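A quick write-up on the structure given underneath.
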Amino acid sequence: PVGVAAAAFAAPPVMPDAAARALDRRLVVDALRSLPAPHRDALVYVHLLDWTGDAAARALGVPCGTIKSRTHHGLRMLRRRLISCRDAA
């Protein structure tokens, strides 16, 4: 029957919003944990805790330029890991 063939090519069921958000959060946390500690720390302070670069630099004992570099490179690494996860799914 035509209905059976159409069902076979239908889009997969959509996850409820809460489940999708939990999965996304888990993927981001796992990818973040996989980063080198200096990059992960800079990203956590600046993007998750919403600290200024100066405040993060003081807390981590490094120059502000180092925080800027680590967040830039950390975001690039994080993006690559998340794209890799998406492509593997």
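Each chain in the structure tokens gets a letter, A, B, ..., in the order shown, and its residues are numbered from 1; ligands are numbered from 1 in order too.
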
Residues of region 26-53 of chain A that approach region 77-87 of chain A to 8 Å or less, counting only C-alpha atoms: could you list each one with the shortest pair of atoms and its distance in Å to one decimal, rows by chain and increasing residue number, as CSV?
```
residue,atom,partner,partner_atom,distance
A:Leu27,CA,A:Leu82,CA,7.2
A:Val28,CA,A:Leu82,CA,7.1
A:Ala31,CA,A:Arg81,CA,6.1
A:Leu32,CA,A:Leu78,CA,6.4
A:Leu35,CA,A:Leu78,CA,7.3
```

Exercise for review: Can you pull out every residue within 10 Å of Gly53 (chain A), counting only C-alpha atoms, but drop anything in the same chain fewer than 6 positions away, and send it as a ChimeraX atom specification?
Suggested key: /A:42,45-47,59,63-68,71

Would you export the selected residues with all heavy atoms as a PDB file, in the first residue's frame, please?
```
ATOM      1  N   ALA A  42      38.886  29.445  30.167  1.00  0.00           N
ATOM      2  CA  ALA A  42      38.608  30.763  29.592  1.00  0.00           C
ATOM      3  C   ALA A  42      37.174  30.839  29.076  1.00  0.00           C
ATOM      4  O   ALA A  42      36.467  31.824  29.320  1.00  0.00           O
ATOM      5  CB  ALA A  42      39.601  31.069  28.463  1.00  0.00           C
ATOM      6  N   TYR A  45      34.643  30.997  32.124  1.00  0.00           N
ATOM      7  CA  TYR A  45      34.591  32.309  32.763  1.00  0.00           C
ATOM      8  C   TYR A  45      33.907  33.350  31.880  1.00  0.00           C
ATOM      9  O   TYR A  45      33.039  34.089  32.335  1.00  0.00           O
ATOM     10  CB  TYR A  45      35.994  32.797  33.129  1.00  0.00           C
ATOM     11  CG  TYR A  45      36.524  32.229  34.419  1.00  0.00           C
ATOM     12  CD1 TYR A  45      37.501  31.237  34.414  1.00  0.00           C
ATOM     13  CD2 TYR A  45      36.066  32.687  35.645  1.00  0.00           C
ATOM     14  CE1 TYR A  45      37.995  30.710  35.601  1.00  0.00           C
ATOM     15  CE2 TYR A  45      36.553  32.171  36.833  1.00  0.00           C
ATOM     16  CZ  TYR A  45      37.517  31.183  36.804  1.00  0.00           C
ATOM     17  OH  TYR A  45      37.993  30.668  37.977  1.00  0.00           O
ATOM     18  N   VAL A  46      34.296  33.402  30.627  1.00  0.00           N
ATOM     19  CA  VAL A  46      33.826  34.475  29.752  1.00  0.00           C
ATOM     20  C   VAL A  46      32.421  34.220  29.211  1.00  0.00           C
ATOM     21  O   VAL A  46      31.576  35.119  29.221  1.00  0.00           O
ATOM     22  CB  VAL A  46      34.832  34.711  28.601  1.00  0.00           C
ATOM     23  CG1 VAL A  46      34.288  35.709  27.593  1.00  0.00           C
ATOM     24  CG2 VAL A  46      36.164  35.189  29.168  1.00  0.00           C
ATOM     25  N   HIS A  47      32.139  33.001  28.765  1.00  0.00           N
ATOM     26  CA  HIS A  47      30.863  32.760  28.092  1.00  0.00           C
ATOM     27  C   HIS A  47      29.791  32.139  28.980  1.00  0.00           C
ATOM     28  O   HIS A  47      28.605  32.373  28.750  1.00  0.00           O
ATOM     29  CB  HIS A  47      31.076  31.905  26.840  1.00  0.00           C
ATOM     30  CG  HIS A  47      31.781  32.656  25.760  1.00  0.00           C
ATOM     31  ND1 HIS A  47      31.174  33.620  25.001  1.00  0.00           N
ATOM     32  CD2 HIS A  47      33.071  32.598  25.327  1.00  0.00           C
ATOM     33  CE1 HIS A  47      32.035  34.126  24.149  1.00  0.00           C
ATOM     34  NE2 HIS A  47      33.203  33.520  24.325  1.00  0.00           N
ATOM     35  N   ALA A  59      41.421  36.279  37.483  1.00  0.00           N
ATOM     36  CA  ALA A  59      41.107  35.026  38.187  1.00  0.00           C
ATOM     37  C   ALA A  59      42.053  33.901  37.770  1.00  0.00           C
ATOM     38  O   ALA A  59      42.432  33.070  38.604  1.00  0.00           O
ATOM     39  CB  ALA A  59      39.659  34.620  37.916  1.00  0.00           C
ATOM     40  N   PRO A  63      47.491  37.322  31.278  1.00  0.00           N
ATOM     41  CA  PRO A  63      47.128  38.596  30.644  1.00  0.00           C
ATOM     42  C   PRO A  63      45.775  38.511  29.923  1.00  0.00           C
ATOM     43  O   PRO A  63      45.343  37.430  29.500  1.00  0.00           O
ATOM     44  CB  PRO A  63      48.253  38.835  29.632  1.00  0.00           C
ATOM     45  CG  PRO A  63      49.378  37.955  30.062  1.00  0.00           C
ATOM     46  CD  PRO A  63      48.749  36.780  30.747  1.00  0.00           C
ATOM     47  N   CYS A  64      45.134  39.649  29.780  1.00  0.00           N
ATOM     48  CA  CYS A  64      43.838  39.703  29.090  1.00  0.00           C
ATOM     49  C   CYS A  64      43.947  39.189  27.651  1.00  0.00           C
ATOM     50  O   CYS A  64      43.054  38.519  27.157  1.00  0.00           O
ATOM     51  CB  CYS A  64      43.303  41.134  29.113  1.00  0.00           C
ATOM     52  SG  CYS A  64      41.623  41.277  28.487  1.00  0.00           S
ATOM     53  N   GLY A  65      45.038  39.497  26.970  1.00  0.00           N
ATOM     54  CA  GLY A  65      45.239  39.004  25.604  1.00  0.00           C
ATOM     55  C   GLY A  65      45.258  37.490  25.531  1.00  0.00           C
ATOM     56  O   GLY A  65      44.800  36.904  24.547  1.00  0.00           O
ATOM     57  N   THR A  66      45.755  36.859  26.578  1.00  0.00           N
ATOM     58  CA  THR A  66      45.769  35.396  26.628  1.00  0.00           C
ATOM     59  C   THR A  66      44.341  34.861  26.722  1.00  0.00           C
ATOM     60  O   THR A  66      44.001  33.866  26.072  1.00  0.00           O
ATOM     61  CB  THR A  66      46.619  34.911  27.819  1.00  0.00           C
ATOM     62  OG1 THR A  66      47.952  35.400  27.646  1.00  0.00           O
ATOM     63  CG2 THR A  66      46.637  33.400  27.919  1.00  0.00           C
ATOM     64  N   ILE A  67      43.500  35.529  27.505  1.00  0.00           N
ATOM     65  CA  ILE A  67      42.093  35.126  27.611  1.00  0.00           C
ATOM     66  C   ILE A  67      41.412  35.266  26.254  1.00  0.00           C
ATOM     67  O   ILE A  67      40.677  34.377  25.819  1.00  0.00           O
ATOM     68  CB  ILE A  67      41.356  35.960  28.683  1.00  0.00           C
ATOM     69  CG1 ILE A  67      41.903  35.630  30.067  1.00  0.00           C
ATOM     70  CG2 ILE A  67      39.852  35.739  28.620  1.00  0.00           C
ATOM     71  CD1 ILE A  67      41.679  34.195  30.506  1.00  0.00           C
ATOM     72  N   LYS A  68      41.672  36.375  25.580  1.00  0.00           N
ATOM     73  CA  LYS A  68      41.072  36.580  24.256  1.00  0.00           C
ATOM     74  C   LYS A  68      41.507  35.481  23.285  1.00  0.00           C
ATOM     75  O   LYS A  68      40.689  34.938  22.542  1.00  0.00           O
ATOM     76  CB  LYS A  68      41.450  37.949  23.703  1.00  0.00           C
ATOM     77  CG  LYS A  68      40.789  39.090  24.438  1.00  0.00           C
ATOM     78  CD  LYS A  68      41.243  40.420  23.880  1.00  0.00           C
ATOM     79  CE  LYS A  68      40.621  41.563  24.657  1.00  0.00           C
ATOM     80  NZ  LYS A  68      41.041  42.866  24.121  1.00  0.00           N
ATOM     81  N   THR A  71      39.870  32.086  24.360  1.00  0.00           N
ATOM     82  CA  THR A  71      38.446  31.986  24.036  1.00  0.00           C
ATOM     83  C   THR A  71      38.255  31.846  22.524  1.00  0.00           C
ATOM     84  O   THR A  71      37.425  31.049  22.083  1.00  0.00           O
ATOM     85  CB  THR A  71      37.635  33.186  24.578  1.00  0.00           C
ATOM     86  OG1 THR A  71      38.179  34.401  24.087  1.00  0.00           O
ATOM     87  CG2 THR A  71      37.602  33.197  26.083  1.00  0.00           C
TER      88      THR A  71
END
```

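In this model, the gap between CA of Arg26 (chain A) and CA of Asp41 (chain A) comes to 17.9 Å.
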
Please report, as a PDB file with N, CA and C atoms, in the first residue's frame, each residue of region 13-54 of chain A to which DSSP assigns alpha helix (DSSP H) when run on this structure's backbone.
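Written output follows (selection.pdb):
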```pdb
ATOM      1  N   ASP A  17      10.712  19.176  23.115  1.00  0.00           N
ATOM      2  CA  ASP A  17      11.692  20.237  23.335  1.00  0.00           C
ATOM      3  C   ASP A  17      12.622  19.956  24.511  1.00  0.00           C
ATOM      4  N   ALA A  18      12.097  19.498  25.611  1.00  0.00           N
ATOM      5  CA  ALA A  18      12.926  19.256  26.795  1.00  0.00           C
ATOM      6  C   ALA A  18      13.977  18.184  26.514  1.00  0.00           C
ATOM      7  N   ALA A  19      13.593  17.129  25.822  1.00  0.00           N
ATOM      8  CA  ALA A  19      14.539  16.056  25.508  1.00  0.00           C
ATOM      9  C   ALA A  19      15.611  16.549  24.543  1.00  0.00           C
ATOM     10  N   ALA A  20      15.220  17.326  23.557  1.00  0.00           N
ATOM     11  CA  ALA A  20      16.186  17.862  22.591  1.00  0.00           C
ATOM     12  C   ALA A  20      17.160  18.806  23.283  1.00  0.00           C
ATOM     13  N   ARG A  21      16.646  19.653  24.170  1.00  0.00           N
ATOM     14  CA  ARG A  21      17.524  20.577  24.889  1.00  0.00           C
ATOM     15  C   ARG A  21      18.485  19.818  25.788  1.00  0.00           C
ATOM     16  N   ALA A  22      18.005  18.763  26.445  1.00  0.00           N
ATOM     17  CA  ALA A  22      18.877  17.967  27.319  1.00  0.00           C
ATOM     18  C   ALA A  22      19.988  17.299  26.510  1.00  0.00           C
ATOM     19  N   LEU A  23      19.641  16.786  25.339  1.00  0.00           N
ATOM     20  CA  LEU A  23      20.646  16.162  24.473  1.00  0.00           C
ATOM     21  C   LEU A  23      21.662  17.197  23.993  1.00  0.00           C
ATOM     22  N   ASP A  24      21.174  18.365  23.560  1.00  0.00           N
ATOM     23  CA  ASP A  24      22.067  19.437  23.124  1.00  0.00           C
ATOM     24  C   ASP A  24      22.998  19.855  24.255  1.00  0.00           C
ATOM     25  N   ARG A  25      22.438  20.015  25.441  1.00  0.00           N
ATOM     26  CA  ARG A  25      23.242  20.423  26.598  1.00  0.00           C
ATOM     27  C   ARG A  25      24.324  19.392  26.881  1.00  0.00           C
ATOM     28  N   ARG A  26      23.957  18.112  26.805  1.00  0.00           N
ATOM     29  CA  ARG A  26      24.913  17.029  27.056  1.00  0.00           C
ATOM     30  C   ARG A  26      26.043  17.042  26.023  1.00  0.00           C
ATOM     31  N   LEU A  27      25.697  17.255  24.755  1.00  0.00           N
ATOM     32  CA  LEU A  27      26.716  17.308  23.703  1.00  0.00           C
ATOM     33  C   LEU A  27      27.674  18.475  23.931  1.00  0.00           C
ATOM     34  N   VAL A  28      27.139  19.626  24.309  1.00  0.00           N
ATOM     35  CA  VAL A  28      27.978  20.797  24.543  1.00  0.00           C
ATOM     36  C   VAL A  28      28.879  20.573  25.753  1.00  0.00           C
ATOM     37  N   VAL A  29      28.315  20.033  26.835  1.00  0.00           N
ATOM     38  CA  VAL A  29      29.116  19.782  28.044  1.00  0.00           C
ATOM     39  C   VAL A  29      30.232  18.782  27.736  1.00  0.00           C
ATOM     40  N   ASP A  30      29.906  17.716  27.031  1.00  0.00           N
ATOM     41  CA  ASP A  30      30.934  16.723  26.678  1.00  0.00           C
ATOM     42  C   ASP A  30      32.024  17.337  25.803  1.00  0.00           C
ATOM     43  N   ALA A  31      31.624  18.145  24.830  1.00  0.00           N
ATOM     44  CA  ALA A  31      32.601  18.792  23.948  1.00  0.00           C
ATOM     45  C   ALA A  31      33.451  19.782  24.737  1.00  0.00           C
ATOM     46  N   LEU A  32      32.831  20.510  25.642  1.00  0.00           N
ATOM     47  CA  LEU A  32      33.561  21.470  26.466  1.00  0.00           C
ATOM     48  C   LEU A  32      34.567  20.757  27.368  1.00  0.00           C
ATOM     49  N   ARG A  33      34.160  19.645  27.939  1.00  0.00           N
ATOM     50  CA  ARG A  33      35.067  18.874  28.803  1.00  0.00           C
ATOM     51  C   ARG A  33      36.259  18.320  28.034  1.00  0.00           C
ATOM     52  N   ALA A  37      42.366  22.265  29.302  1.00  0.00           N
ATOM     53  CA  ALA A  37      41.926  23.030  30.473  1.00  0.00           C
ATOM     54  C   ALA A  37      42.057  24.549  30.307  1.00  0.00           C
ATOM     55  N   PRO A  38      43.149  25.077  29.785  1.00  0.00           N
ATOM     56  CA  PRO A  38      43.241  26.535  29.671  1.00  0.00           C
ATOM     57  C   PRO A  38      42.152  27.139  28.779  1.00  0.00           C
ATOM     58  N   HIS A  39      41.826  26.461  27.686  1.00  0.00           N
ATOM     59  CA  HIS A  39      40.782  26.955  26.787  1.00  0.00           C
ATOM     60  C   HIS A  39      39.404  26.785  27.424  1.00  0.00           C
ATOM     61  N   ARG A  40      39.188  25.636  28.049  1.00  0.00           N
ATOM     62  CA  ARG A  40      37.910  25.375  28.717  1.00  0.00           C
ATOM     63  C   ARG A  40      37.677  26.404  29.817  1.00  0.00           C
ATOM     64  N   ASP A  41      38.696  26.661  30.643  1.00  0.00           N
ATOM     65  CA  ASP A  41      38.549  27.622  31.737  1.00  0.00           C
ATOM     66  C   ASP A  41      38.201  29.012  31.212  1.00  0.00           C
ATOM     67  N   ALA A  42      38.886  29.445  30.167  1.00  0.00           N
ATOM     68  CA  ALA A  42      38.608  30.763  29.592  1.00  0.00           C
ATOM     69  C   ALA A  42      37.174  30.839  29.076  1.00  0.00           C
ATOM     70  N   LEU A  43      36.715  29.793  28.398  1.00  0.00           N
ATOM     71  CA  LEU A  43      35.344  29.786  27.887  1.00  0.00           C
ATOM     72  C   LEU A  43      34.315  29.794  29.013  1.00  0.00           C
ATOM     73  N   GLY A  53      36.693  39.862  30.118  1.00  0.00           N
ATOM     74  CA  GLY A  53      38.005  39.292  29.852  1.00  0.00           C
ATOM     75  C   GLY A  53      39.007  39.683  30.924  1.00  0.00           C
ATOM     76  N   ASP A  54      38.916  40.923  31.399  1.00  0.00           N
ATOM     77  CA  ASP A  54      39.825  41.384  32.455  1.00  0.00           C
ATOM     78  C   ASP A  54      39.622  40.600  33.744  1.00  0.00           C
TER      79      ASP A  54
END
```

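The two atoms in question, CA of Ala88 (chain A) and CA of Arg70 (chain A), are spaced 26.5 Å apart.
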